[in-house]
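Next comes start-v9.txt, a file with compact mmCIF, C-alpha atoms and all ligand atoms.
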# COMPACT_ATOMS: atom_id res chain seq x y z
CA MET A 1310 22.18 -0.83 4.64
CA LEU A 1311 18.75 0.08 3.26
CA GLU A 1312 16.72 2.33 5.52
CA VAL A 1313 13.14 3.51 4.95
CA ARG A 1314 11.88 6.49 6.94
CA THR A 1315 9.88 9.70 6.79
CA ALA A 1316 11.47 12.36 4.60
CA LEU A 1317 13.40 15.15 6.29
CA PRO A 1318 12.65 18.79 5.35
CA THR A 1319 16.20 19.10 3.99
CA GLU A 1320 15.57 16.24 1.54
CA LEU A 1321 12.45 17.59 -0.16
CA ALA A 1322 14.13 19.25 -3.13
CA ALA A 1323 16.14 16.11 -3.92
CA ILE A 1324 13.03 13.93 -3.54
CA GLY A 1325 11.09 16.13 -5.94
CA ASP A 1326 13.89 16.00 -8.50
CA LEU A 1327 14.33 12.21 -8.21
CA THR A 1328 10.59 11.67 -8.68
CA ALA A 1329 10.12 14.03 -11.62
CA ASP A 1330 13.40 13.17 -13.36
CA THR A 1331 12.68 9.43 -13.17
CA TYR A 1332 9.14 9.80 -14.53
CA VAL A 1333 10.43 12.01 -17.37
CA ALA A 1334 13.38 9.73 -18.19
CA GLU A 1335 11.13 6.69 -18.43
CA GLY A 1336 8.53 8.47 -20.54
CA TYR A 1337 5.73 8.42 -17.98
CA VAL A 1338 5.16 12.16 -18.31
CA ASN A 1339 5.71 14.59 -21.17
CA GLY A 1340 7.95 17.58 -20.56
CA ALA A 1341 10.29 18.06 -17.62
CA ASP A 1342 8.58 21.03 -15.95
CA GLY A 1343 4.92 21.74 -16.73
CA GLY A 1344 1.81 19.81 -15.79
CA TYR A 1345 2.23 16.59 -13.89
CA ALA A 1346 6.04 16.87 -13.85
CA ALA A 1347 5.65 20.03 -11.75
CA THR A 1348 3.40 18.13 -9.35
CA LEU A 1349 5.97 15.34 -9.12
CA ARG A 1350 8.74 17.85 -8.43
CA ASP A 1351 6.76 19.47 -5.59
CA ALA A 1352 7.67 17.22 -2.66
CA VAL A 1353 6.95 20.05 -0.21
CA THR A 1354 3.19 19.79 -0.80
CA ARG A 1355 3.31 15.98 -0.55
CA ALA A 1356 5.12 16.15 2.78
CA GLU A 1357 2.44 18.54 4.07
CA GLN A 1358 -0.60 16.59 2.89
CA ALA A 1359 0.54 12.96 2.99
CA LEU A 1360 3.17 10.64 4.39
CA LEU A 1361 6.32 11.07 2.33
CA LEU A 1362 8.82 8.24 2.74
CA VAL A 1363 12.37 7.86 1.50
CA ALA A 1364 14.67 4.90 1.01
CA VAL A 1365 18.27 5.68 1.87
CA VAL A 1366 21.43 3.59 1.43
CA ASP A 1367 24.54 4.86 3.22
CA GLY A 1368 23.07 8.34 3.37
CA ALA A 1369 22.19 8.44 -0.34
CA LEU A 1370 18.58 8.87 -1.47
CA VAL A 1371 17.64 5.84 -3.61
CA GLY A 1372 13.84 5.92 -3.63
CA THR A 1373 10.66 7.56 -2.46
CA VAL A 1374 6.95 6.95 -2.18
CA THR A 1375 3.91 8.91 -1.02
CA LEU A 1376 1.15 7.38 1.09
CA ALA A 1377 -2.00 9.48 1.01
CA PHE A 1378 -4.97 8.89 3.28
CA GLY A 1379 -8.53 8.86 1.94
CA GLY A 1380 -10.17 12.25 1.59
CA SER A 1381 -6.90 14.15 2.00
CA GLY A 1382 -4.79 15.75 -0.72
CA PHE A 1383 -3.47 13.17 -3.24
CA ALA A 1384 -6.32 10.76 -2.32
CA GLU A 1385 -9.39 12.97 -2.73
CA THR A 1386 -11.68 10.26 -4.06
CA ALA A 1387 -10.64 7.46 -1.69
CA ALA A 1388 -12.80 6.50 1.29
CA PRO A 1389 -11.72 7.65 4.77
CA ASP A 1390 -10.50 4.17 5.74
CA GLU A 1391 -8.44 3.76 2.58
CA ALA A 1392 -4.84 4.68 1.86
CA VAL A 1393 -3.40 5.31 -1.60
CA ILE A 1394 0.19 4.63 -2.66
CA ARG A 1395 1.46 7.25 -5.09
CA MET A 1396 4.64 8.25 -6.90
CA LEU A 1397 6.74 5.20 -6.12
CA VAL A 1398 10.21 5.75 -7.55
CA THR A 1399 13.49 3.88 -7.31
CA SER A 1400 16.64 5.62 -8.45
CA PRO A 1401 17.88 4.03 -11.71
CA SER A 1402 21.22 3.31 -10.01
CA ALA A 1403 19.58 1.26 -7.24
CA ARG A 1404 17.27 -1.06 -9.16
CA GLY A 1405 17.04 -4.73 -8.28
CA GLN A 1406 17.95 -4.23 -4.61
CA GLY A 1407 14.49 -4.46 -3.12
CA VAL A 1408 14.09 -0.69 -2.70
CA GLY A 1409 10.56 -0.58 -4.14
CA ASN A 1410 9.56 -3.59 -2.10
CA ALA A 1411 10.82 -2.00 1.13
CA LEU A 1412 9.01 1.28 0.37
CA VAL A 1413 5.69 -0.46 -0.31
CA LEU A 1414 6.03 -2.59 2.83
CA ALA A 1415 6.57 0.57 4.87
CA CYS A 1416 3.40 2.01 3.32
CA LEU A 1417 1.44 -1.09 4.33
CA ASP A 1418 2.72 -0.81 7.90
CA ALA A 1419 1.81 2.87 8.08
CA ALA A 1420 -1.66 2.25 6.61
CA ARG A 1421 -2.28 -0.54 9.10
CA GLU A 1422 -1.13 1.66 11.95
CA ALA A 1423 -3.53 4.37 10.81
CA GLY A 1424 -6.40 1.88 10.92
CA CYS A 1425 -6.95 1.66 7.16
CA THR A 1426 -8.74 -1.41 5.80
CA VAL A 1427 -7.43 -1.28 2.23
CA VAL A 1428 -4.50 0.16 0.29
CA ARG A 1429 -5.08 1.15 -3.32
CA LEU A 1430 -2.94 2.46 -6.15
CA SER A 1431 -3.04 3.44 -9.80
CA THR A 1432 -0.16 2.63 -12.12
CA GLN A 1433 0.66 3.02 -15.78
CA ALA A 1434 0.47 -0.12 -17.87
CA THR A 1435 4.16 0.17 -18.76
CA MET A 1436 5.41 0.29 -15.14
CA THR A 1437 5.96 -3.43 -15.13
CA ALA A 1438 8.71 -3.52 -12.47
CA ALA A 1439 6.33 -1.85 -10.03
CA HIS A 1440 3.55 -4.28 -10.97
CA ARG A 1441 5.81 -7.18 -9.98
CA VAL A 1442 6.44 -5.58 -6.59
CA TYR A 1443 2.72 -5.05 -5.98
CA GLU A 1444 1.71 -8.53 -7.09
CA ARG A 1445 4.39 -10.21 -4.97
CA LEU A 1446 3.03 -8.38 -1.92
CA GLY A 1447 -0.49 -9.63 -2.58
CA PHE A 1448 -2.09 -6.71 -4.44
CA THR A 1449 -4.71 -7.75 -6.98
CA ARG A 1450 -6.02 -5.90 -10.01
CA THR A 1451 -9.29 -3.98 -9.68
CA PRO A 1452 -10.22 -3.45 -13.35
CA ALA A 1453 -13.55 -1.77 -12.52
CA ASP A 1454 -11.59 1.14 -10.98
CA ASP A 1455 -9.19 1.66 -13.91
CA TRP A 1456 -9.25 5.23 -15.19
CA SER A 1457 -7.70 7.83 -17.50
CA PRO A 1458 -6.50 11.17 -16.08
CA GLU A 1459 -6.04 12.44 -19.64
CA PRO A 1460 -6.42 11.07 -23.15
CA GLY A 1461 -3.70 8.53 -23.91
CA VAL A 1462 -2.85 7.85 -20.27
CA ASP A 1463 -4.57 4.68 -19.10
CA LEU A 1464 -4.08 3.75 -15.46
CA LEU A 1465 -4.40 0.25 -14.05
CA THR A 1466 -5.55 -0.05 -10.45
CA TYR A 1467 -4.62 -2.48 -7.70
CA ALA A 1468 -5.86 -3.03 -4.15
CA LEU A 1469 -4.73 -4.92 -1.09
CA PRO A 1470 -7.11 -5.43 1.82
CA LEU A 1471 -5.48 -4.96 5.20
CA SER A 1472 -8.31 -6.48 7.11
CA PHE A 1473 -9.69 -9.96 6.57
CA CYS A 1474 -12.86 -11.81 7.44
CA GLY A 1475 -12.25 -14.01 10.47
CA PHE A 1476 -14.65 -16.60 9.10
CA CYS A 1477 -13.85 -16.96 5.37
CA GLY A 1478 -10.41 -15.31 5.27
CA ARG A 1479 -11.20 -13.07 2.28
CA GLY A 1480 -10.72 -9.29 2.25
CA LEU A 1481 -13.31 -7.35 4.25
CA ASP A 1482 -14.88 -5.38 1.44
CA GLY A 1483 -18.57 -6.10 1.98
CA GLY A 1484 -20.69 -9.21 1.58
CA HIS A 1485 -19.69 -10.94 4.82
CA GLU A 1486 -23.03 -10.73 6.67
CA ALA A 1487 -23.38 -14.53 6.89
CA CYS A 1488 -19.76 -14.75 8.08
CA GLY A 1489 -20.57 -12.24 10.80
CA ARG A 1490 -23.48 -14.36 12.02
CA ALA A 1491 -21.28 -17.47 12.05
CA LEU A 1492 -18.67 -15.59 14.10
CA GLU A 1493 -21.27 -14.83 16.76
CA LEU A 1494 -21.32 -18.56 17.44
CA ASP A 1495 -17.86 -19.80 16.50
CA PRO A 1496 -14.28 -18.64 17.07
CA PRO A 1497 -12.52 -16.90 14.16
CA ARG A 1498 -10.61 -19.20 11.84
CA TYR A 1499 -8.46 -16.50 10.21
CA CYS A 1500 -6.51 -13.62 11.69
CA ALA A 1501 -8.22 -10.35 10.70
CA ARG A 1502 -4.87 -8.60 10.32
CA CYS A 1503 -2.76 -11.07 8.35
CA ARG A 1504 -5.17 -13.78 7.13
CA ARG A 1505 -3.13 -16.54 8.76
CA ARG A 1506 -5.02 -19.57 10.01
CA MET A 1507 -5.68 -19.23 13.75
CA VAL A 1508 -4.84 -22.01 16.18
CA VAL A 1509 -8.22 -22.51 17.85
CA GLN A 1510 -8.84 -24.17 21.21
CA VAL A 1511 -12.30 -24.63 22.66
CA HIS A 1512 -12.63 -24.73 26.46
CA PRO A 1513 -15.66 -25.55 28.61
CA THR A 1514 -16.09 -21.81 29.23
CA GLY A 1515 -15.20 -20.39 25.82
CA TRP A 1516 -12.45 -20.41 23.20
CA SER A 1517 -9.08 -18.97 22.32
CA ALA A 1518 -7.79 -18.30 18.80
CA ARG A 1519 -4.11 -17.59 18.35
CA CYS A 1520 -2.26 -16.03 15.42
CA ILE A 1521 1.45 -16.78 15.55
CA GLU A 1522 2.12 -13.15 14.59
CA HIS A 1523 -0.66 -11.14 16.26
CA GLY A 1524 -1.45 -12.90 19.50
CA THR A 1525 -4.47 -14.52 21.04
CA LEU A 1526 -8.17 -13.62 21.02
CA GLU A 1527 -10.47 -15.00 23.72
CA GLY A 1528 -14.19 -15.56 23.43
ZN ZN B 1601 -16.32 -13.67 5.24
ZN ZN B 1602 -2.17 -12.40 12.33
Since I need it in another form, could you write the structure as structure tokens?
Amino acid sequence: MLEVRTALPTELAAIGDLTADTYVAEGYVNGADGGYAATLRDAVTRAEQALLLVAVVDGALVGTVTLAFGGSGFAETAAPDEAVIRMLVTSPSARGQGVGNALVLACLDAAREAGCTVVRLSTQATMTAAHRVYERLGFTRTPADDWSPEPGVDLLTYALPLSFCGFCGRGLDGGHEACGRALELDPPRYCARCRRRMVVQVHPTGWSARCIEHGTLEG
């Protein structure tokens, strides 16, 4: 049974080792101890400054991810209403079981709960298994944000809006002024939380718009 939850204090050393050892084994960082490997191994700081999640199967640690909120440690350059997924790792012995998928889904839930409007992440070009997870969950590439933390390390960036325009259904990332004016007159056509089409009914005194997942709005 796969369980995803917040890391316990007693798990931090093992989480740090799993993260650093996996990055080193797959060639994503050079050297097992210095530099970024030391940051990866330091799960104590991540648990203090961000949301540190684990995936556990029958009591065994099989994966971890960090969700950092904009402006805090591990997401210094992100906006306050943004969350950043970092250091997603699945134990080599547990690949192909949906562990990464479950960890990212838990991040999306937590970001939504915290009121974030977008989740972002940076990933190395060679982390193709992770790219498949992100793309299946609806993340899209944001090439203008791609960056290099150091020479020879090129990071690709992805984003997933968590909040959608009720009029046009696209991610709420600016440029929806005309949509906003239309919504002053008309009921929303898309659910702002999940982008599903709303079931709209117009009454003599107003309207209702229902998302099958998120309930009914009245206007
Ligand atoms: Zn719009
Ligand atoms: Zn909805």
Residue among A:Leu1327, A:Pro1497, A:Gly1372, A:Leu1317 lying closest to Val1353 in chain A, counting only C-alpha atoms: A:Leu1317
Taking all atoms listed in the file into account, list the residues no farther than 12 Å from ligand ZN 1601 (chain B), as a ChimeraX atom specification. /A:1472-1492,1497-1501,1504
Using CA of Thr1466 in chain A and CA of Ser1402 in chain A as the two end points, give the distance in Å to one decimal.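 Spanning CA of Thr1466 in chain A to CA of Ser1402 in chain A is a straight-line distance of 27.0 Å.
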Around ligand ZN 1602 (chain B), which protein and nucleic acid residues have at least one atom no more than 6 Å from it, if we count all atoms listed in the file? List them as an MDAnalysis selection string. chainID A and resid 1500 1502:1503 1505 1520 1522:1523
What does the structure give for the distance between CA of Cys1416 in chain A and CA of Thr1373 in chain A, in Å to one decimal?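 The value is 10.8 Å.
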Nearest residue to Ala1419 in chain A from the set A:Ser1517, A:Met1310, A:Ala1359, A:Gly1344 (distances using all atoms listed in the file):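 Ranked by minimum distance to Ala1419 in chain A, first place goes to A:Ala1359.
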Record the distance separating CA of Ala1388 in chain A and CA of Glu1357 in chain A, expressed in Å with one decimal. 19.6 Å
Find the nearest atom pair between each residue of range 1331-1431 of chain A and range 1435-1444 of chain A for residues within 8 Å, count all atoms listed in the file, give distances in Å to one decimal, sort rows by chain and ascending number, and present the table as CSV.
residue,atom,partner,partner_atom,distance
A:Gly1409,CA,A:Val1442,CA,6.9
A:Asn1410,CA,A:Val1442,CA,5.8
A:Val1413,CA,A:Tyr1443,CA,7.9
Restrict the selected residues to C-alpha atoms and save them as an mmCIF file, in the coordinates of the input.
data_model
loop_
_atom_site.group_PDB
_atom_site.id
_atom_site.type_symbol
_atom_site.label_atom_id
_atom_site.label_comp_id
_atom_site.auth_asym_id
_atom_site.auth_seq_id
_atom_site.Cartn_x
_atom_site.Cartn_y
_atom_site.Cartn_z
ATOM 1 C CA GLY A 1409 10.560 -0.580 -4.140
ATOM 2 C CA ASN A 1410 9.560 -3.590 -2.100
ATOM 3 C CA VAL A 1413 5.690 -0.460 -0.310
#
Neighbours of range 1450-1464 of chain A within 7 Å (only C-alpha atoms; same-chain residues fewer than 2 positions away dropped), as number ranges by chain? A: 1431-1434, 1448, 1466-1468
Go ahead and write the selection's residues with C-alpha atoms as a tab-separated table (two decimals), in the coordinates of the input.
chain	number	residue	atom	x	y	z
A	1431	SER	CA	-3.04	3.44	-9.80
A	1432	THR	CA	-0.16	2.63	-12.12
A	1433	GLN	CA	0.66	3.02	-15.78
A	1434	ALA	CA	0.47	-0.12	-17.87
A	1448	PHE	CA	-2.09	-6.71	-4.44
A	1466	THR	CA	-5.55	-0.05	-10.45
A	1467	TYR	CA	-4.62	-2.48	-7.70
A	1468	ALA	CA	-5.86	-3.03	-4.15
Give me, as a compact mmCIF listing (two decimals) with C-alpha atoms, in the coordinates of the input, all polymer residues having an atom no more than 7 Å from Ala1364 in chain A, counting all atoms listed in the file and skipping those fewer than 3 positions away in the same chain.
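For reference, selection11.txt as written:
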# COMPACT_ATOMS: atom_id res chain seq x y z
CA LEU A 1311 18.75 0.08 3.26
CA GLU A 1312 16.72 2.33 5.52
CA VAL A 1313 13.14 3.51 4.95
CA ARG A 1314 11.88 6.49 6.94
CA LEU A 1370 18.58 8.87 -1.47
CA VAL A 1371 17.64 5.84 -3.61
CA GLY A 1372 13.84 5.92 -3.63
CA THR A 1373 10.66 7.56 -2.46
CA VAL A 1408 14.09 -0.69 -2.70
CA LEU A 1412 9.01 1.28 0.37
Taking only C-alpha atoms into account, name the residue in A:Arg1429, A:Gly1424, A:Asp1342, A:Leu1414 that is nearest to Ala1384 in chain A.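 Using only C-alpha atoms, the shortest distance to Ala1384 in chain A belongs to A:Arg1429.
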Distance query Gly1380 in chain A at most 12 Å, all atoms listed in the file, self and fewer than 5 positions along chain excluded, as a list in words: Gln1358, Ala1359, Glu1385, Thr1386, Ala1387, Ala1388, Pro1389, Asp1390, Glu1391, Ala1392 and Val1393 of chain A
Using all atoms listed in the file, which residue out of A:Gly1407, A:Gly1447, A:Gly1528, A:Pro1496 lies closest to Val1428 in chain A?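 Closest to Val1428 in chain A of all the choices is A:Gly1447.
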My list of candidates is A:Val1508, A:Ala1352, A:Ala1411, A:Leu1471. Which is closest to Thr1319 in chain A when distances are computed with all atoms listed in the file?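 Closest to Thr1319 in chain A of all the choices is A:Ala1352.
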Give me range 1423-1434 of chain A with all heavy atoms filled in, as an mmCIF file, in the coordinates of the input.
data_model
loop_
_atom_site.group_PDB
_atom_site.id
_atom_site.type_symbol
_atom_site.label_atom_id
_atom_site.label_comp_id
_atom_site.auth_asym_id
_atom_site.auth_seq_id
_atom_site.Cartn_x
_atom_site.Cartn_y
_atom_site.Cartn_z
ATOM 1 N N ALA A 1423 -2.529 3.313 10.857
ATOM 2 C CA ALA A 1423 -3.530 4.370 10.810
ATOM 3 C C ALA A 1423 -4.955 3.810 10.822
ATOM 4 O O ALA A 1423 -5.912 4.570 10.777
ATOM 5 C CB ALA A 1423 -3.323 5.217 9.556
ATOM 6 N N GLY A 1424 -5.076 2.486 10.846
ATOM 7 C CA GLY A 1424 -6.400 1.880 10.920
ATOM 8 C C GLY A 1424 -7.085 1.711 9.576
ATOM 9 O O GLY A 1424 -8.294 1.477 9.516
ATOM 10 N N CYS A 1425 -6.349 1.822 8.485
ATOM 11 C CA CYS A 1425 -6.950 1.660 7.160
ATOM 12 C C CYS A 1425 -7.301 0.193 6.908
ATOM 13 O O CYS A 1425 -6.634 -0.707 7.417
ATOM 14 C CB CYS A 1425 -5.989 2.137 6.068
ATOM 15 S SG CYS A 1425 -5.645 3.886 6.176
ATOM 16 N N THR A 1426 -8.341 -0.034 6.103
ATOM 17 C CA THR A 1426 -8.740 -1.410 5.800
ATOM 18 C C THR A 1426 -8.267 -1.841 4.415
ATOM 19 O O THR A 1426 -8.273 -3.033 4.112
ATOM 20 C CB THR A 1426 -10.267 -1.569 5.849
ATOM 21 O OG1 THR A 1426 -10.847 -0.668 4.906
ATOM 22 C CG2 THR A 1426 -10.796 -1.263 7.242
ATOM 23 N N VAL A 1427 -7.883 -0.900 3.573
ATOM 24 C CA VAL A 1427 -7.430 -1.280 2.230
ATOM 25 C C VAL A 1427 -6.424 -0.251 1.731
ATOM 26 O O VAL A 1427 -6.497 0.926 2.077
ATOM 27 C CB VAL A 1427 -8.638 -1.410 1.254
ATOM 28 C CG1 VAL A 1427 -9.365 -0.099 1.101
ATOM 29 C CG2 VAL A 1427 -8.194 -1.939 -0.100
ATOM 30 N N VAL A 1428 -5.456 -0.736 0.959
ATOM 31 C CA VAL A 1428 -4.500 0.160 0.290
ATOM 32 C C VAL A 1428 -4.715 0.023 -1.213
ATOM 33 O O VAL A 1428 -4.799 -1.089 -1.730
ATOM 34 C CB VAL A 1428 -3.039 -0.214 0.649
ATOM 35 C CG1 VAL A 1428 -2.069 0.660 -0.130
ATOM 36 C CG2 VAL A 1428 -2.810 -0.048 2.144
ATOM 37 N N ARG A 1429 -4.839 1.152 -1.872
ATOM 38 C CA ARG A 1429 -5.080 1.150 -3.320
ATOM 39 C C ARG A 1429 -3.958 1.888 -4.038
ATOM 40 O O ARG A 1429 -3.213 2.662 -3.433
ATOM 41 C CB ARG A 1429 -6.395 1.869 -3.645
ATOM 42 C CG ARG A 1429 -7.604 1.229 -3.017
ATOM 43 C CD ARG A 1429 -8.896 1.888 -3.488
ATOM 44 N NE ARG A 1429 -10.019 1.287 -2.810
ATOM 45 C CZ ARG A 1429 -10.548 0.109 -3.172
ATOM 46 N NH1 ARG A 1429 -10.082 -0.538 -4.232
ATOM 47 N NH2 ARG A 1429 -11.555 -0.396 -2.503
ATOM 48 N N LEU A 1430 -3.886 1.686 -5.345
ATOM 49 C CA LEU A 1430 -2.940 2.460 -6.150
ATOM 50 C C LEU A 1430 -3.340 2.396 -7.607
ATOM 51 O O LEU A 1430 -4.062 1.491 -8.025
ATOM 52 C CB LEU A 1430 -1.522 1.934 -5.962
ATOM 53 C CG LEU A 1430 -1.274 0.489 -6.362
ATOM 54 C CD1 LEU A 1430 -0.793 0.392 -7.810
ATOM 55 C CD2 LEU A 1430 -0.231 -0.132 -5.444
ATOM 56 N N SER A 1431 -2.894 3.415 -8.352
ATOM 57 C CA SER A 1431 -3.040 3.440 -9.800
ATOM 58 C C SER A 1431 -1.644 3.416 -10.393
ATOM 59 O O SER A 1431 -0.728 4.025 -9.840
ATOM 60 C CB SER A 1431 -3.745 4.716 -10.269
ATOM 61 O OG SER A 1431 -5.027 4.820 -9.702
ATOM 62 N N THR A 1432 -1.489 2.750 -11.522
ATOM 63 C CA THR A 1432 -0.160 2.630 -12.120
ATOM 64 C C THR A 1432 -0.296 2.564 -13.631
ATOM 65 O O THR A 1432 -1.310 2.091 -14.149
ATOM 66 C CB THR A 1432 0.550 1.373 -11.567
ATOM 67 O OG1 THR A 1432 1.758 1.150 -12.286
ATOM 68 C CG2 THR A 1432 -0.311 0.140 -11.683
ATOM 69 N N GLN A 1433 0.709 3.080 -14.317
ATOM 70 C CA GLN A 1433 0.660 3.020 -15.780
ATOM 71 C C GLN A 1433 0.973 1.613 -16.249
ATOM 72 O O GLN A 1433 1.742 0.886 -15.611
ATOM 73 C CB GLN A 1433 1.642 4.032 -16.379
ATOM 74 C CG GLN A 1433 1.232 5.471 -16.048
ATOM 75 C CD GLN A 1433 2.044 6.519 -16.784
ATOM 76 O OE1 GLN A 1433 2.553 6.277 -17.869
ATOM 77 N NE2 GLN A 1433 2.145 7.688 -16.181
ATOM 78 N N ALA A 1434 0.360 1.253 -17.371
ATOM 79 C CA ALA A 1434 0.470 -0.120 -17.870
ATOM 80 C C ALA A 1434 1.919 -0.521 -18.130
ATOM 81 O O ALA A 1434 2.269 -1.696 -18.045
ATOM 82 C CB ALA A 1434 -0.349 -0.258 -19.163
#
